[in-house]
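What follows is start-v1.cif (mmCIF, C-alpha atoms).
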```cif
data_entry
#
loop_
_atom_site.label_atom_id
_atom_site.label_comp_id
_atom_site.auth_asym_id
_atom_site.auth_seq_id
_atom_site.Cartn_x
_atom_site.Cartn_y
_atom_site.Cartn_z
CA MET Z 54 11.74 -9.30 -8.33
CA ALA Z 55 8.45 -7.58 -9.02
CA ASN Z 56 5.83 -8.21 -6.37
CA VAL Z 57 2.05 -8.04 -6.73
CA LYS Z 58 -0.77 -8.44 -4.26
CA LEU Z 59 -2.15 -11.97 -3.96
CA SER Z 60 -5.59 -10.49 -4.55
CA THR Z 61 -4.59 -9.51 -8.12
CA LYS Z 62 -3.74 -13.05 -9.22
CA ALA Z 63 -6.17 -14.74 -11.60
CA ILE Z 64 -8.23 -17.77 -10.68
CA GLY Z 65 -6.23 -20.85 -11.69
CA SER Z 66 -2.87 -19.16 -11.10
CA ILE Z 67 -0.16 -21.28 -9.54
CA VAL Z 68 1.61 -19.91 -6.46
CA LYS Z 69 4.41 -21.45 -4.43
CA ILE Z 70 4.45 -22.04 -0.70
CA LYS Z 71 7.08 -23.97 1.21
CA VAL Z 72 5.95 -27.13 2.98
CA ASN Z 73 8.55 -29.04 4.99
CA GLY Z 74 11.22 -26.86 3.41
CA ALA Z 75 10.24 -27.57 -0.22
CA ALA Z 76 8.27 -25.24 -2.48
CA LYS Z 77 4.89 -26.72 -3.39
CA ASP Z 78 2.50 -25.57 -6.11
CA PHE Z 79 -0.90 -24.34 -4.97
CA ILE Z 80 -3.80 -23.35 -7.23
CA ILE Z 81 -5.82 -20.21 -6.54
CA VAL Z 82 -9.35 -21.61 -6.71
CA HIS Z 83 -11.34 -18.61 -5.47
CA GLN Z 84 -11.01 -14.94 -4.60
CA GLY Z 85 -13.28 -13.47 -1.92
CA LEU Z 86 -16.30 -14.82 -0.06
CA PRO Z 87 -17.97 -17.67 -1.99
CA SER Z 88 -21.51 -16.98 -0.72
CA SER Z 89 -23.63 -16.07 2.31
CA ALA Z 90 -23.40 -19.72 3.39
CA TYR Z 91 -19.87 -18.88 4.52
CA ASP Z 92 -18.79 -16.95 7.56
CA ALA Z 93 -17.14 -13.58 6.83
CA SER Z 94 -13.82 -15.08 7.96
CA CYS Z 95 -13.76 -17.03 4.66
CA ASN Z 96 -13.27 -13.84 2.66
CA GLY Z 97 -9.78 -14.16 1.21
CA VAL Z 98 -7.72 -16.04 -1.36
CA TRP Z 99 -8.58 -19.75 -1.46
CA VAL Z 100 -5.72 -22.07 -2.40
CA VAL Z 101 -5.49 -25.85 -2.70
CA MET Z 102 -2.36 -27.92 -3.25
CA LYS Z 103 -2.04 -28.76 -6.94
CA ASP Z 104 -0.92 -32.35 -6.34
CA ILE Z 105 -1.70 -34.92 -3.69
CA TYR Z 106 0.57 -34.38 -0.68
CA THR Z 107 0.06 -37.65 1.15
CA THR Z 108 -2.20 -40.69 1.29
CA MET Z 109 -4.09 -41.66 4.44
CA LYS Z 110 -7.38 -42.96 5.78
CA TRP Z 111 -10.11 -40.39 6.36
CA ASP Z 112 -10.87 -41.72 9.85
CA GLY Z 113 -10.78 -44.87 11.90
CA SER Z 114 -14.33 -45.00 13.22
CA ASN Z 115 -16.94 -43.05 11.20
CA ASN Z 116 -17.48 -40.22 8.68
CA ASP Z 117 -17.68 -37.32 11.17
CA TYR Z 118 -15.33 -34.73 9.59
CA LYS Z 119 -14.94 -32.50 12.66
CA ASN Z 120 -13.51 -35.41 14.65
CA SER Z 121 -11.78 -37.18 11.77
CA ASP Z 122 -8.15 -38.25 11.57
CA VAL Z 123 -7.64 -36.27 8.37
CA HIS Z 124 -8.93 -33.04 9.96
CA SER Z 125 -6.58 -33.53 12.91
CA TYR Z 126 -3.67 -34.24 10.58
CA LEU Z 127 -4.26 -31.12 8.48
CA ASN Z 128 -4.45 -28.79 11.46
CA GLY Z 129 -1.62 -30.46 13.36
CA THR Z 130 1.15 -32.29 11.53
CA PHE Z 131 0.62 -30.68 8.12
CA TYR Z 132 -0.05 -27.18 9.44
CA ASN Z 133 3.27 -27.22 11.31
CA LEU Z 134 5.14 -28.13 8.11
CA ILE Z 135 4.08 -24.92 6.34
CA ASP Z 136 6.63 -22.10 6.12
CA SER Z 137 6.32 -20.17 9.39
CA ASP Z 138 5.54 -16.77 7.83
CA ILE Z 139 2.72 -18.20 5.72
CA ARG Z 140 1.56 -20.45 8.55
CA ASN Z 141 1.09 -17.43 10.77
CA ALA Z 142 -0.82 -15.65 8.00
CA ILE Z 143 -3.31 -18.45 7.24
CA LYS Z 144 -6.78 -17.33 8.25
CA GLN Z 145 -8.76 -18.95 11.04
CA VAL Z 146 -12.06 -19.56 9.28
CA LYS Z 147 -15.46 -21.16 9.75
CA ILE Z 148 -16.36 -23.38 6.80
CA PRO Z 149 -19.71 -25.06 6.02
CA TYR Z 150 -19.72 -28.75 6.97
CA GLN Z 151 -21.86 -31.72 7.97
CA ASN Z 152 -21.77 -31.60 11.77
CA GLY Z 153 -21.67 -35.20 12.93
CA THR Z 154 -21.84 -38.30 10.78
CA GLY Z 155 -23.28 -38.21 7.29
CA SER Z 156 -26.54 -39.90 8.20
CA GLY Z 157 -26.79 -38.73 11.79
CA GLY Z 158 -25.46 -35.18 11.54
CA SER Z 159 -26.82 -31.86 10.31
CA LEU Z 160 -25.58 -29.05 8.07
CA ALA Z 161 -23.74 -26.18 9.80
CA THR Z 162 -23.06 -22.98 7.85
CA GLY Z 163 -22.09 -19.34 8.36
CA SER Z 164 -20.97 -18.51 11.89
CA ASN Z 165 -21.88 -22.06 12.91
CA GLY Z 166 -19.33 -23.50 10.50
CA LEU Z 167 -16.30 -25.55 11.50
CA SER Z 168 -13.46 -23.46 12.93
CA THR Z 169 -10.29 -24.48 11.11
CA LYS Z 170 -7.20 -23.29 9.30
CA VAL Z 171 -6.42 -26.17 6.91
CA PHE Z 172 -9.22 -28.25 5.43
CA LEU Z 173 -10.38 -30.49 2.61
CA LEU Z 174 -12.60 -29.09 -0.11
CA SER Z 175 -16.25 -30.18 -0.20
CA GLY Z 176 -18.28 -31.82 -2.94
CA TYR Z 177 -20.23 -28.62 -3.57
CA GLU Z 178 -17.01 -26.56 -3.71
CA VAL Z 179 -15.54 -28.70 -6.49
CA GLY Z 180 -18.72 -28.43 -8.58
CA TRP Z 181 -21.19 -31.15 -7.57
CA THR Z 182 -24.65 -30.76 -6.04
CA THR Z 183 -27.54 -32.96 -4.97
CA SER Z 184 -28.59 -32.90 -8.63
CA ASP Z 185 -25.56 -35.09 -9.28
CA ASN Z 186 -26.23 -37.30 -6.27
CA GLY Z 187 -28.82 -36.86 -3.55
CA TYR Z 188 -26.34 -37.90 -0.85
CA PHE Z 189 -24.09 -34.83 -1.20
CA PRO Z 190 -24.37 -32.54 1.86
CA LYS Z 191 -24.92 -28.89 0.89
CA ASP Z 192 -21.66 -27.91 2.55
CA GLY Z 193 -20.66 -24.93 0.42
CA VAL Z 194 -20.94 -23.58 -3.12
CA ARG Z 195 -18.86 -24.11 -6.25
CA LEU Z 196 -15.56 -22.26 -6.11
CA ALA Z 197 -14.65 -20.19 -9.17
CA TYR Z 198 -11.91 -22.51 -10.45
CA PHE Z 199 -14.08 -25.62 -10.75
CA GLY Z 200 -16.68 -26.55 -13.34
CA ASN Z 201 -20.20 -27.88 -12.88
CA SER Z 202 -20.98 -31.60 -12.59
CA SER Z 203 -19.18 -33.94 -15.03
CA GLY Z 204 -18.22 -30.96 -17.19
CA GLY Z 205 -15.73 -29.99 -14.50
CA ASN Z 206 -13.97 -33.35 -14.23
CA SER Z 207 -10.71 -32.15 -15.80
CA LYS Z 208 -10.28 -29.44 -13.17
CA ARG Z 209 -10.58 -32.03 -10.39
CA VAL Z 210 -7.86 -34.39 -11.59
CA ALA Z 211 -4.87 -34.50 -9.23
CA TYR Z 212 -1.63 -36.46 -9.34
CA ASN Z 213 0.20 -38.56 -6.82
CA GLY Z 214 3.67 -38.62 -8.33
CA SER Z 215 3.33 -39.31 -12.06
CA SER Z 216 -0.14 -40.86 -11.94
CA ALA Z 217 -3.60 -39.39 -11.40
CA ALA Z 218 -5.11 -40.71 -8.19
CA GLU Z 219 -8.14 -40.48 -5.89
CA TRP Z 220 -8.33 -37.75 -3.24
CA TRP Z 221 -10.60 -37.07 -0.27
CA LEU Z 222 -13.28 -34.42 0.09
CA ARG Z 223 -14.57 -33.29 3.48
CA SER Z 224 -18.14 -34.28 2.53
CA PRO Z 225 -19.54 -37.45 4.11
CA SER Z 226 -22.32 -39.30 2.32
CA THR Z 227 -25.58 -38.29 3.99
CA GLY Z 228 -26.90 -41.79 3.33
CA SER Z 229 -24.60 -43.54 5.81
CA GLY Z 230 -22.20 -43.17 8.68
CA TYR Z 231 -19.24 -44.74 6.89
CA ASP Z 232 -19.02 -43.47 3.29
CA VAL Z 233 -17.10 -40.34 2.32
CA TRP Z 234 -17.11 -38.52 -1.01
CA ALA Z 235 -13.84 -38.46 -2.95
CA VAL Z 236 -12.61 -37.51 -6.41
CA LYS Z 237 -11.59 -40.36 -8.68
CA SER Z 238 -8.48 -40.34 -10.86
CA ASP Z 239 -10.55 -39.19 -13.88
CA GLY Z 240 -12.12 -36.28 -11.96
CA SER Z 241 -15.49 -37.95 -11.41
CA GLY Z 242 -16.95 -38.51 -7.96
CA GLY Z 243 -17.39 -41.60 -5.85
CA GLY Z 244 -17.91 -42.84 -2.32
CA TRP Z 245 -15.12 -44.47 -0.28
CA TYR Z 246 -15.17 -46.20 3.07
CA TYR Z 247 -13.74 -43.85 5.73
CA GLY Z 248 -11.00 -46.36 6.56
CA ASP Z 249 -9.70 -46.54 2.99
CA ALA Z 250 -6.51 -44.77 1.92
CA CYS Z 251 -6.95 -41.83 -0.47
CA GLY Z 252 -4.96 -38.76 -1.37
CA VAL Z 253 -4.99 -35.53 0.62
CA ARG Z 254 -4.96 -32.09 -1.05
CA PRO Z 255 -4.74 -29.47 1.72
CA ALA Z 256 -6.64 -26.21 1.24
CA PHE Z 257 -6.59 -22.96 3.21
CA ILE Z 258 -7.49 -19.27 2.89
CA LEU Z 259 -4.87 -16.51 2.82
CA PRO Z 260 -5.25 -12.76 3.34
CA SER Z 261 -5.50 -10.88 0.06
CA THR Z 262 -2.73 -8.51 1.21
CA LEU Z 263 0.04 -11.10 0.91
CA VAL Z 264 2.39 -10.64 -2.03
CA VAL Z 265 3.54 -12.86 -4.88
CA SER Z 266 6.92 -12.50 -6.58
CA ASP Z 267 7.38 -13.05 -10.31
CA ASP Z 268 8.42 -16.67 -9.69
CA GLY Z 269 5.12 -17.33 -7.89
CA THR Z 270 6.45 -17.38 -4.34
CA VAL Z 271 3.98 -16.10 -1.75
CA SER Z 272 5.43 -13.98 1.04
CA VAL Z 273 4.32 -11.76 3.87
CA ASN Z 274 5.05 -8.11 3.20
CA THR Z 275 6.19 -5.80 5.98
CA ALA Z 276 4.86 -2.29 5.55
CA PRO Z 277 7.41 0.54 5.48
CA THR Z 278 7.78 2.88 8.44
CA VAL Z 279 8.47 6.59 8.91
CA SER Z 280 10.13 8.18 11.94
CA THR Z 281 9.95 11.97 12.26
CA ASP Z 282 11.00 15.00 14.27
CA GLY Z 283 7.52 15.26 15.75
CA ALA Z 284 3.92 15.99 14.87
CA ALA Z 285 3.03 19.29 16.59
CA LEU Z 286 5.57 21.80 15.28
CA GLY Z 287 3.96 24.97 16.61
CA GLN Z 288 4.35 28.45 15.14
CA LYS Z 289 6.85 29.07 12.37
CA ASN Z 290 7.91 32.45 11.00
CA ALA Z 291 10.87 31.30 8.90
CA ALA Z 292 11.92 28.29 6.83
CA PHE Z 293 12.47 25.16 8.93
CA ALA Z 294 13.78 21.64 8.42
CA TRP Z 295 11.30 18.88 9.32
CA LYS Z 296 13.40 15.73 9.13
CA TYR Z 297 12.21 12.16 8.74
CA THR Z 298 13.68 8.72 8.04
CA VAL Z 299 12.05 5.99 5.94
CA ARG Z 300 12.68 2.29 6.51
CA ASP Z 301 11.52 -1.04 5.10
CA ALA Z 302 12.25 -4.29 6.93
CA ASP Z 303 12.08 -6.23 3.66
CA GLY Z 304 14.72 -4.03 2.04
CA ASP Z 305 12.35 -2.82 -0.68
CA THR Z 306 13.14 0.44 -2.46
CA LEU Z 307 10.58 3.09 -1.61
CA THR Z 308 8.59 5.86 -3.23
CA VAL Z 309 8.26 8.89 -0.97
CA THR Z 310 5.63 11.55 -1.59
CA GLU Z 311 5.61 14.86 0.27
CA LYS Z 312 2.37 16.79 0.54
CA LEU Z 313 1.40 20.18 1.90
CA ASP Z 314 -2.27 20.47 2.84
CA GLY Z 315 -3.05 17.44 0.70
CA LYS Z 316 -1.27 18.64 -2.45
CA THR Z 317 1.86 16.85 -3.67
CA THR Z 318 4.96 19.04 -3.51
CA LYS Z 319 7.72 16.47 -4.02
CA THR Z 320 8.01 12.83 -5.12
CA ARG Z 321 11.16 10.77 -4.62
CA THR Z 322 11.59 7.33 -6.19
CA GLY Z 323 14.11 4.54 -5.61
CA VAL Z 324 14.71 5.60 -2.01
CA ALA Z 325 16.69 3.07 0.03
CA SER Z 326 15.60 1.89 3.45
CA GLY Z 327 17.22 3.95 6.20
CA THR Z 328 17.42 7.16 4.16
CA ALA Z 329 17.12 10.39 6.16
CA LEU Z 330 15.24 13.15 4.36
CA THR Z 331 14.02 16.71 4.90
CA PHE Z 332 10.61 17.96 3.87
CA GLU Z 333 11.55 20.16 0.91
CA GLN Z 334 8.78 22.76 0.78
CA THR Z 335 9.38 24.18 4.25
CA ALA Z 336 13.17 23.85 4.30
CA SER Z 337 14.02 26.66 1.87
CA ALA Z 338 13.21 30.33 2.15
CA ALA Z 339 11.77 30.31 -1.37
CA GLY Z 340 9.49 27.39 -0.58
CA PHE Z 341 8.42 28.76 2.78
CA GLN Z 342 7.55 32.12 1.25
CA LYS Z 343 4.92 30.45 -0.94
CA ILE Z 344 3.03 29.17 2.08
CA LEU Z 345 0.30 31.50 3.27
CA ASN Z 346 -0.17 32.36 6.91
CA GLY Z 347 -2.41 30.04 8.89
CA ASN Z 348 -2.61 26.40 9.95
CA HIS Z 349 -0.98 23.81 7.70
CA THR Z 350 -0.44 20.06 7.54
CA ILE Z 351 2.62 18.43 6.03
CA THR Z 352 2.36 14.75 5.12
CA VAL Z 353 4.82 12.10 4.01
CA GLU Z 354 3.52 8.98 2.25
CA VAL Z 355 5.86 6.01 1.81
CA SER Z 356 5.13 3.07 -0.49
CA ASP Z 357 7.05 -0.16 -1.03
CA GLY Z 358 4.87 -0.99 -4.04
CA LYS Z 359 2.56 -3.20 -1.96
CA GLU Z 360 1.54 -1.04 0.96
CA THR Z 361 1.52 2.68 1.67
CA VAL Z 362 1.91 4.32 5.06
CA SER Z 363 1.78 8.00 5.94
CA THR Z 364 2.61 10.35 8.76
CA SER Z 365 1.74 14.02 9.25
CA ALA Z 366 2.72 17.06 11.23
CA THR Z 367 1.05 20.42 11.74
CA PHE Z 368 2.39 23.94 12.04
CA THR Z 369 1.11 27.50 11.97
CA LYS Z 370 2.77 30.06 9.75
CA ALA Z 371 2.70 33.51 11.30
CA VAL Z 372 4.74 35.84 9.10
CA HIS Z 373 3.44 39.40 8.65
CA ALA Z 374 6.37 40.96 6.79
CA ALA Z 375 9.10 39.93 4.38
CA SER Z 376 12.08 41.49 2.68
CA VAL Z 377 14.33 40.45 -0.18
CA THR Z 378 17.75 41.73 -1.25
CA LEU Z 379 20.85 40.43 -3.03
CA ALA Z 380 23.46 38.81 -0.78
CA GLU Z 381 26.14 40.35 -2.99
CA PRO Z 382 25.65 43.43 -5.20
CA LEU Z 383 26.18 43.17 -8.96
CA ALA Z 384 29.28 45.21 -9.88
CA VAL Z 385 29.93 46.53 -13.39
CA GLU Z 386 32.40 48.83 -15.11
CA GLY Z 387 31.17 52.27 -16.00
CA ASP Z 388 27.98 53.82 -14.65
CA ILE Z 389 24.51 52.48 -13.86
CA THR Z 390 21.91 54.99 -14.92
CA VAL Z 391 18.70 53.04 -15.57
CA ALA Z 392 17.10 49.87 -14.17
CA VAL Z 393 13.85 47.96 -14.34
CA LEU Z 394 12.55 45.74 -11.53
CA GLN Z 395 9.69 43.27 -11.40
CA VAL Z 396 8.27 41.65 -8.26
CA THR Z 397 6.00 38.64 -8.72
CA GLY Z 398 4.02 36.68 -6.15
CA SER Z 399 0.82 37.20 -4.23
CA ILE Z 400 0.75 40.66 -2.71
CA PRO Z 401 -2.59 41.97 -1.38
CA ASP Z 402 -3.68 45.43 -2.53
CA ASP Z 403 -3.55 46.92 0.97
CA ALA Z 404 -0.13 45.50 1.84
CA LYS Z 405 2.61 47.98 2.75
CA PHE Z 406 4.92 47.50 -0.22
CA LYS Z 407 8.24 49.25 -0.81
CA ALA Z 408 10.94 48.79 -3.44
CA GLU Z 409 14.34 50.51 -3.34
CA VAL Z 410 17.39 50.37 -5.62
CA THR Z 411 20.95 51.60 -5.50
CA ASN Z 412 23.68 52.03 -8.12
CA ASN Z 413 26.59 52.44 -5.64
CA ALA Z 414 26.03 49.38 -3.48
CA LYS Z 415 29.76 48.95 -2.72
CA ASP Z 416 30.15 52.39 -1.18
CA ALA Z 417 30.26 52.74 2.62
CA ALA Z 418 26.89 54.52 2.59
CA PRO Z 419 24.94 53.48 -0.54
CA VAL Z 420 22.29 55.82 -1.80
CA TRP Z 421 18.93 53.99 -1.75
CA GLN Z 422 16.36 55.40 -4.13
CA ASP Z 423 12.65 54.71 -3.61
CA ALA Z 424 11.41 52.91 -6.74
CA THR Z 425 8.02 51.74 -5.44
CA THR Z 426 6.02 53.72 -7.99
CA GLU Z 427 8.12 52.58 -10.96
CA VAL Z 428 7.95 48.92 -9.86
CA ARG Z 429 4.18 49.07 -9.46
CA LYS Z 430 3.81 50.65 -12.91
CA GLY Z 431 6.44 48.45 -14.56
CA VAL Z 432 8.41 51.36 -15.96
CA ASN Z 433 12.11 52.24 -16.03
CA ILE Z 434 13.84 53.54 -12.92
CA VAL Z 435 16.18 56.49 -13.66
CA PHE Z 436 18.90 56.77 -11.03
CA GLU Z 437 19.34 60.19 -9.41
CA ASN Z 438 22.68 59.35 -7.79
CA LYS Z 439 25.72 59.97 -10.01
CA THR Z 440 28.49 59.06 -7.55
CA ALA Z 441 30.04 55.61 -7.01
CA THR Z 442 33.30 55.89 -5.08
CA ASN Z 443 33.98 52.14 -5.13
CA GLY Z 444 32.62 51.60 -8.60
CA ALA Z 445 29.14 51.05 -9.95
CA ALA Z 446 27.26 48.19 -8.27
CA PHE Z 447 23.56 47.39 -8.35
CA ASN Z 448 21.36 46.07 -5.55
CA PHE Z 449 17.71 46.20 -4.57
CA ARG Z 450 15.66 45.69 -1.45
CA VAL Z 451 11.98 44.87 -1.51
CA SER Z 452 9.84 44.77 1.63
CA VAL Z 453 6.21 43.98 2.16
CA GLU Z 454 4.09 44.00 5.32
CA ARG Z 455 0.54 42.82 5.93
CA GLY Z 456 -2.14 45.51 5.69
CA GLU Z 457 -5.30 46.16 7.70
CA SER Z 458 -7.24 43.39 5.93
CA GLY Z 459 -4.95 40.78 7.49
CA GLU Z 460 -4.67 39.01 4.13
CA GLY Z 461 -1.40 37.15 3.68
CA GLY Z 462 0.78 36.86 0.59
CA TYR Z 463 4.25 36.01 -0.62
CA ILE Z 464 7.08 37.17 -2.89
CA GLU Z 465 7.77 34.53 -5.51
CA ALA Z 466 10.56 36.20 -7.49
CA VAL Z 467 12.37 39.48 -8.13
CA SER Z 468 13.77 40.04 -11.61
CA GLY Z 469 15.00 42.90 -13.72
CA ALA Z 470 17.88 44.52 -15.54
CA PHE Z 471 20.07 47.62 -15.43
CA GLN Z 472 22.45 49.60 -17.62
#
```

Let's see the structure in the file written out as structure tokens.
Amino acid sequence: MANVKLSTKAIGSIVKIKVNGAAKDFIIVHQGLPSSAYDASCNGVWVVMKDIYTTMKWDGSNNDYKNSDVHSYLNGTFYNLIDSDIRNAIKQVKIPYQNGTGSGGSLATGSNGLSTKVFLLSGYEVGWTTSDNGYFPKDGVRLAYFGNSSGGNSKRVAYNGSSAAEWWLRSPSTGSGYDVWAVKSDGSGGGWYYGDACGVRPAFILPSTLVVSDDGTVSVNTAPTVSTDGAALGQKNAAFAWKYTVRDADGDTLTVTEKLDGKTTKTRTGVASGTALTFEQTASAAGFQKILNGNHTITVEVSDGKETVSTSATFTKAVHAASVTLAEPLAVEGDITVAVLQVTGSIPDDAKFKAEVTNNAKDAAPVWQDATTEVRKGVNIVFENKTATNGAAFNFRVSVERGESGEGGYIEAVSGAFQ
């Protein structure tokens, strides 16, 4: 399944969360912080159950939401029915509310809001204001999903089974201590006695970092991890193997990016959790030669498609000389009389550079001819030696050593031909 961040889902999208073991549809009604009337804890992905979950009275004594039966139910019985991973991820927030009864209380917003995890939406949040009725408390602002006033009725309609039905808001009527605002079956608003039975549509706020699969299921992603050979690798004067292992508790396939001093040197895709790897650039002689002397940082970034983690190590390259030759000479029939040799890389002007060649490399004591001048000029090398007891065989040896300037360099390749 393809997973995306919850924060990327459009307003009005349906996501699925298990409640009492069954997947329930929830609507994303807002992304982010609705306004400055809300505490910063309310910054996240707002979801409300698409349908009515249960029917119950709002309270048994008055219209004080903080101490109401429905508030206790949502943060007790209902909260404990939510899938444990999602339950643990639900944000503890402070929402605007009427503190006390509708007629005897006062508005509390921002950091003074009601601390809760699961709550009912307010009249203002579903699109009404005091312009619609003077007895609405100003307990929030319209969430992005809902429309204004009567024009937003269709977005407020909710079903209890196969029929549209009334559902509670958290907003008490400010004109009394016993009326509570609710949404009627046609999406319009009305006041109900707190002891009446109406539908409950639980709402809560999730972190934007949660993920959604292509079937809409919301899940908690576990970031990948990297274990390594260490972070302070010290001084290195030859190629070395820095080993690391990537893991993902969710079993996701991983993308692994290797970087040297911030520049990408290798990218691996489709890596399975538990795979042991070696940082490629430093592990081979050819790769190590391209690294200049000095302090360096190697970094591994690992992504599961939702989150990226990284780890780094440092080392100091301290190589002042290098030499290159063939492991096995190139043997031919006949004689070798002429050759051409090219050395490419980054070699400072004051470096001590020497190139030698031989045409009898298989003899017990090969004759090495200094070809430094010819290599620098890029011209043919004419062999002086005419004897090859064990047959003609070509080899070269190139050496370079740092000069007085202290400037480093490297040999990238040696190429050529002979006849």

Within 10 Å of Ala470 of chain Z, counting all atoms listed in the file, which residues show up once you throw out same-chain ones fewer than 3 positions away? Write them as a PDB file with C-alpha atoms, keeping the file's coordinate frame, please.
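out11.pdb, written as the output of this step:
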```pdb
ATOM      1  CA  VAL Z 391      18.700  53.040 -15.570  1.00  0.00           C
ATOM      2  CA  ALA Z 392      17.100  49.870 -14.170  1.00  0.00           C
ATOM      3  CA  VAL Z 393      13.850  47.960 -14.340  1.00  0.00           C
ATOM      4  CA  LEU Z 394      12.550  45.740 -11.530  1.00  0.00           C
ATOM      5  CA  GLN Z 395       9.690  43.270 -11.400  1.00  0.00           C
ATOM      6  CA  ASN Z 433      12.110  52.240 -16.030  1.00  0.00           C
ATOM      7  CA  PHE Z 447      23.560  47.390  -8.350  1.00  0.00           C
TER       8      PHE Z 447
END
```

Residues returned when the PyMOL selection byres ((chain Z and resi 106) around 10) runs on this file, as a PyMOL selection string: chain Z and resi 72+77+102-105+107-108+131+212-214+220+252-255

message: Quick check, in Å to one decimal: how far apart do atom CA of Ala384 of chain Z and atom CA of Ile434 of chain Z lie?
response: 17.8 Å

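The residues returned by the PyMOL selection byres ((chain Z and resi 174) around 7) for this structure are Phe172, Leu173, Ser175, Gly176, Glu178, Leu222, Arg223 and Ala256 of chain Z.
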
query: Could you tell me, as a ChimeraX atom specification, which residues have any atom at most 10 Å from (29.5, 44.6, -12.2), counting all atoms listed in the file?
result: /Z:382-389,444-447

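Look at segment 441-443 of chain Z: the protein and nucleic acid residues within 7 Å of it, using only C-alpha atoms and passing over chain neighbours fewer than 2 places away, are Asn413, Lys415, Asp416, Lys439 and Ala445 of chain Z.
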
query: So how far away is atom CA of Ala380 of chain Z from atom CA of Phe368 of chain Z, in Å?
result: 28.8 Å
